[in-house]
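Remarks on the structure that follows.
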Amino acid sequence: MNHRSLDRRRADASDLDAVVAILVSAFYDDPTWSWAFPDPSQRREQHRQLWTLFVEGAMRYSWVWLTAEATATSVWIPPDGTDLSTEQESAMETLLAGLGHAGSRATQTLELCEQAHPRDVPHFYLSLLGTSVEHRGRGHGLGLLAENLRLIDEARMPAYLEASNTVNVALYQRYGFVVRDSLTLPSDGPRVVTMWREAQPTG
């Protein structure tokens, strides 16, 4: 697959539904986010509401990306940015409070990830990276990641992520990320691996 710059573009507000749809598909069977939302009959709608808030939050910075054919998306928070605005944080609290057991698990997941997130060095944060199920295995998501990291390297900035599926750790390592730490969710929940990537030389 040819990962040219033309193969990806910045998403805007008109792409919100497309970006969220990709994430709902990509994370439906994710170990962490299926644990947080265990009822398969409700999970897609619960994920849709959750990802919508996070995508709207990231779109304040123009660092949400789509492949040209909307097969994969990446959601980044730039240095010194926040996942959500104050209003969105309130909306998130209301959303999770209304989801009962799933809301409690999601809250625990988000709180543990926030506690593990390093804040001492400015960096780009990969909030979400997903490929629609029907397009997996074709390099769409990783190609998008590579293009994003090229721009981040040009800015001479490090990057950080949480691997909610440990299977992906080796893939991220191929792109310069190293394991920083890990956390295990309660009630026999899955392990989440935190990863850091120093800025790479360009050229």
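Residue numbering restarts at 1 in every chain; chains get A, B, ... in the order shown in the structure tokens, and ligands count up from 1 in that same order.
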Residue set, range 14-185 of chain A restricted to alpha helix (DSSP H), as a ChimeraX atom specification: /A:16-27,31-36,40-58,86-97,100-116,140-154,169-173
Residue contacts of Glu56 in chain A (10 Å, only C-alpha atoms) excluding same-chain residues fewer than 6 positions away, as a PyMOL selection string: chain A and resi 12-13+16+20+64+75+83-85+88
Spatial neighbours of range 96-111 of chain A, 10 Å, only C-alpha atoms, chain gap at least 2 places, as a ChimeraX atom specification: /A:32-39,42-43,46,49-50,91-94,113-117,183-187,189,192
Distance query range 143-157 of chain A at most 8 Å, only C-alpha atoms, self and fewer than 3 positions along chain excluded, as a list of chain:residue names: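 Contacts, in chain order: A:His3, A:Arg4, A:Ser5, A:Arg8, A:Trp65, A:Leu66, A:Thr67, A:Ala72, A:Thr73, A:Ser74, A:Pro122, A:His123, A:Phe124, A:Leu129, A:Gly139, A:His140, A:Tyr175, A:Glu198, A:Ala199, A:Gln200, A:Pro201, A:Thr202.
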d(CA of Ala163 in chain A, CA of Met195 in chain A) in Å: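 Between CA of Ala163 in chain A and CA of Met195 in chain A the gap works out to 7.4 Å.
With only C-alpha atoms as the atoms that count, the minimum distance from Val24 in chain A to the choices A:Thr166, A:Gly130, A:Trp76, A:Gly141 is reached by A:Gly130.
Between Ser132 in chain A and the residues A:Pro79, A:Thr71, A:Val169, A:Arg10, the shortest atom-to-atom distance, using only C-alpha atoms, involves A:Thr71.
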Two-atom distance - CA of Ile77 in chain A, CA of Ala58 in chain A (Å): 5.9 Å
Could you pull out the strand (DSSP E) residues of range 100-158 of chain A from DSSP and send them as a PDB file with N, CA, C and O atoms, in the first residue's frame?
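Saved as out31.pdb:
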```pdb
ATOM      1  N   PHE A 124       2.391  14.764  21.885  1.00  0.00           N
ATOM      2  CA  PHE A 124       1.157  14.415  21.182  1.00  0.00           C
ATOM      3  C   PHE A 124       0.613  13.125  21.800  1.00  0.00           C
ATOM      4  O   PHE A 124       1.360  12.181  22.039  1.00  0.00           O
ATOM      5  N   TYR A 125      -0.689  13.105  22.027  1.00  0.00           N
ATOM      6  CA  TYR A 125      -1.333  11.943  22.649  1.00  0.00           C
ATOM      7  C   TYR A 125      -2.259  11.272  21.639  1.00  0.00           C
ATOM      8  O   TYR A 125      -3.199  11.897  21.138  1.00  0.00           O
ATOM      9  N   LEU A 126      -1.985  10.023  21.330  1.00  0.00           N
ATOM     10  CA  LEU A 126      -2.848   9.255  20.437  1.00  0.00           C
ATOM     11  C   LEU A 126      -4.016   8.709  21.250  1.00  0.00           C
ATOM     12  O   LEU A 126      -3.919   7.652  21.872  1.00  0.00           O
ATOM     13  N   SER A 127      -5.102   9.429  21.230  1.00  0.00           N
ATOM     14  CA  SER A 127      -6.276   9.043  21.997  1.00  0.00           C
ATOM     15  C   SER A 127      -6.923   7.784  21.435  1.00  0.00           C
ATOM     16  O   SER A 127      -7.266   6.858  22.177  1.00  0.00           O
ATOM     17  N   LEU A 128      -7.084   7.733  20.111  1.00  0.00           N
ATOM     18  CA  LEU A 128      -7.745   6.599  19.463  1.00  0.00           C
ATOM     19  C   LEU A 128      -7.162   6.391  18.075  1.00  0.00           C
ATOM     20  O   LEU A 128      -6.889   7.354  17.355  1.00  0.00           O
ATOM     21  N   LEU A 129      -7.000   5.130  17.708  1.00  0.00           N
ATOM     22  CA  LEU A 129      -6.599   4.757  16.355  1.00  0.00           C
ATOM     23  C   LEU A 129      -7.406   3.528  15.986  1.00  0.00           C
ATOM     24  O   LEU A 129      -7.369   2.531  16.708  1.00  0.00           O
ATOM     25  N   GLY A 130      -8.165   3.602  14.905  1.00  0.00           N
ATOM     26  CA  GLY A 130      -9.008   2.468  14.561  1.00  0.00           C
ATOM     27  C   GLY A 130      -9.216   2.312  13.071  1.00  0.00           C
ATOM     28  O   GLY A 130      -9.193   3.288  12.321  1.00  0.00           O
ATOM     29  N   THR A 131      -9.423   1.069  12.677  1.00  0.00           N
ATOM     30  CA  THR A 131      -9.757   0.714  11.297  1.00  0.00           C
ATOM     31  C   THR A 131     -11.076  -0.052  11.316  1.00  0.00           C
ATOM     32  O   THR A 131     -11.270  -0.931  12.157  1.00  0.00           O
TER      33      THR A 131
END
```
